[in-house]
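Asks: What follows is a structure written as structure tokens; I'll ask about it next.
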Amino acid sequence: MRRFPPSAMTGLLDDRPRYDLAESTCGDLTVADLVDAGRLADFPLGYGTSAGQVELRKLLGERLGVSADEVLVTTGAGTALFLTGLIAAGEVVVVQPGYPPMLGLAQGLAEQVRTVRLRFDDGYRLDVAALRDALSPRTRLVMLATPQNPAGVAFTPDEIDAALAAMASVCPEAMLLIDENYREAAYTAIPSFASLSPQVMTCGSFSKAHGAPGLRIGWLTVRDAGWYEELRRAKFTSAVACGTLDEFLALELLRRADDVLAGKRARMTAALEVVAEWISRQDGRVTWIRPDAGAFCCLRLGARVRVADFSERLGESGVSVARGEWFGDDADSFRLGFAHEPIDRLREGLELIGAALRASSDS
């Protein structure tokens, strides 16, 4: 029996730390931000469609550069990853570090899983040579994220083109799934890869950039008609349809997405500058990679810092961060979520992290 591996990241949902600097979202929206609650009183709670509400797919397609018929609405991006892994018989290659359930789903569903490791010292750039070495003629799916999690690094079009060229020479029947959950949380606009090639699928959701994880609405873009139909059938067989109320609220959010995203971007930009100033005062005890997107960044402890001691002291302080090991990264790295908490609480949490760094440093 295949089993899905345990994930320490469940603590992000189940625990309530004093300072939550582990979360990757930028403040949560409310129903009142999207619609007059009175409109919901008579909302019909019948079944939706297997592909998703037409207008929702149309507006998503317009933002992503594909047609409505190439968009499949899913119950969050996690389900998009699950459905894709479910129908990709054979070998799967996953680029790491990354969103832990991406690798966990592959391990639970695929016949064989190979990983490609990206590194802090290289700025988490896509290592195309290592990717090519991980491919084989049996590879049927390659999974990666851009902007990348946990560092917020965005891959360039040239890097993605090189990945597709490697796949074309080694496993021409394979598909490339690009997780774009943080694309619209970018500080400078990043185009979607959805229209790049019929060999490319993308997924996203309203959870991260938009601040509506409770809607549980995501999507897949699939330009290959055969794959689209298989995925639609898989969704219908496993879940029938998404929640109609969720789809309705997602549509209302999408209609005002530009305003919502502008507000989130302003909040992230202000918080990012607070982090940059704080890092400049840490005397080399931490280094970072400034993110291209997202309400988070990746930090690495300096050589003087005792990793286990730092983790223990940070836990005692009530500050939660996302450990690098959760993402398939090194134990001396961690993801810092800087825009989930209000900025005054961010400052307080950072000072507690600074105290833990000094207390666990050799000099």
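Ligands are numbered from 1 in the order shown, residues from 1 within each chain, and chains are lettered A, B, ... in the order they appear in the structure tokens.
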Compile a residue-level contact table for range 171-226 of chain A against range 336-351 of chain A at a cut-off of 12 Å, reporting for every qualifying residue the shortest atom pair and its distance in Å to one decimal, with only C-alpha atoms counted, rows ordered by chain and ascending number, as a Markdown table.
Replies:
```
| residue | atom | partner | partner_atom | distance |
| --- | --- | --- | --- | --- |
| A:Ala185 | CA | A:Ala339 | CA | 11.4 |
| A:Lys208 | CA | A:His340 | CA | 10.4 |
| A:Ala209 | CA | A:Ala339 | CA | 11.1 |
| A:Gly211 | CA | A:His340 | CA | 9.4 |
```
Asks: With C-alpha atoms retained, export the selected residues as a short mmCIF file (atom, residue, chain, number, x, y, z; two decimals), in the first residue's frame.
Replies:
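Full text of out_30.cif as output:
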```cif
data_model
loop_
_atom_site.label_atom_id
_atom_site.label_comp_id
_atom_site.auth_asym_id
_atom_site.auth_seq_id
_atom_site.Cartn_x
_atom_site.Cartn_y
_atom_site.Cartn_z
CA ALA A 185 2.23 38.21 -5.35
CA LYS A 208 -1.59 33.02 -1.34
CA ALA A 209 -1.51 36.22 -3.40
CA GLY A 211 -5.52 36.16 0.80
#
```
Asks: Using only C-alpha atoms, what table do you get, as a Markdown table, when you list each residue of range 299-357 of chain A with an atom no more than 7 Å from range 276-293 of chain A, its nearest pair of atoms, and their distance in Å rounded to one decimal, rows by chain then rising number?
Replies:
```
| residue | atom | partner | partner_atom | distance |
| --- | --- | --- | --- | --- |
| A:Leu299 | CA | A:Trp288 | CA | 4.4 |
| A:Arg300 | CA | A:Thr287 | CA | 5.3 |
| A:Leu301 | CA | A:Val286 | CA | 4.6 |
| A:Gly302 | CA | A:Arg285 | CA | 4.6 |
| A:Arg304 | CA | A:Arg285 | CA | 6.8 |
| A:Val305 | CA | A:Arg285 | CA | 6.6 |
| A:Gly354 | CA | A:Gln282 | CA | 6.9 |
| A:Leu357 | CA | A:Arg285 | CA | 6.7 |
```
Asks: Tell me, as an NGL selection string, which residues lie within 10 Å of range 135-138 of chain A, counting only C-alpha atoms; anything in the same chain fewer than 4 positions away does not count.
Replies: :A and (89-93 or 112 or 114-116 or 130-131 or 142 or 166-167 or 169-174)
Asks: Could you jot down the CA of Phe206 in chain A to CA of Leu29 in chain A separation for me, Å, one decimal place?
Replies: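 Interatomic distance, CA of Phe206 in chain A to CA of Leu29 in chain A: 10.5 Å.
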Asks: For range 232-311 of chain A versus range 317-326 of chain A, which residues have an atom no more than 12 Å away, and what is each residue's nearest atom pair and distance in Å rounded to one decimal, using only C-alpha atoms, chain-then-number order, as CSV?
Replies:
```
residue,atom,partner,partner_atom,distance
A:Phe296,CA,A:Ala322,CA,10.0
A:Cys297,CA,A:Ala322,CA,10.3
A:Cys298,CA,A:Gly324,CA,8.3
A:Leu299,CA,A:Gly324,CA,9.0
A:Arg300,CA,A:Gly324,CA,8.9
A:Leu301,CA,A:Gly324,CA,10.9
A:Val307,CA,A:Arg323,CA,11.0
A:Ala308,CA,A:Arg323,CA,11.7
A:Phe310,CA,A:Ser317,CA,10.6
A:Ser311,CA,A:Arg323,CA,9.1
```
Asks: Name all residues at most 10 Å from range 124-129 of chain A (count only C-alpha atoms; drop same-chain ones fewer than 3 positions away) and give them as a count of residues only.
Replies: 32
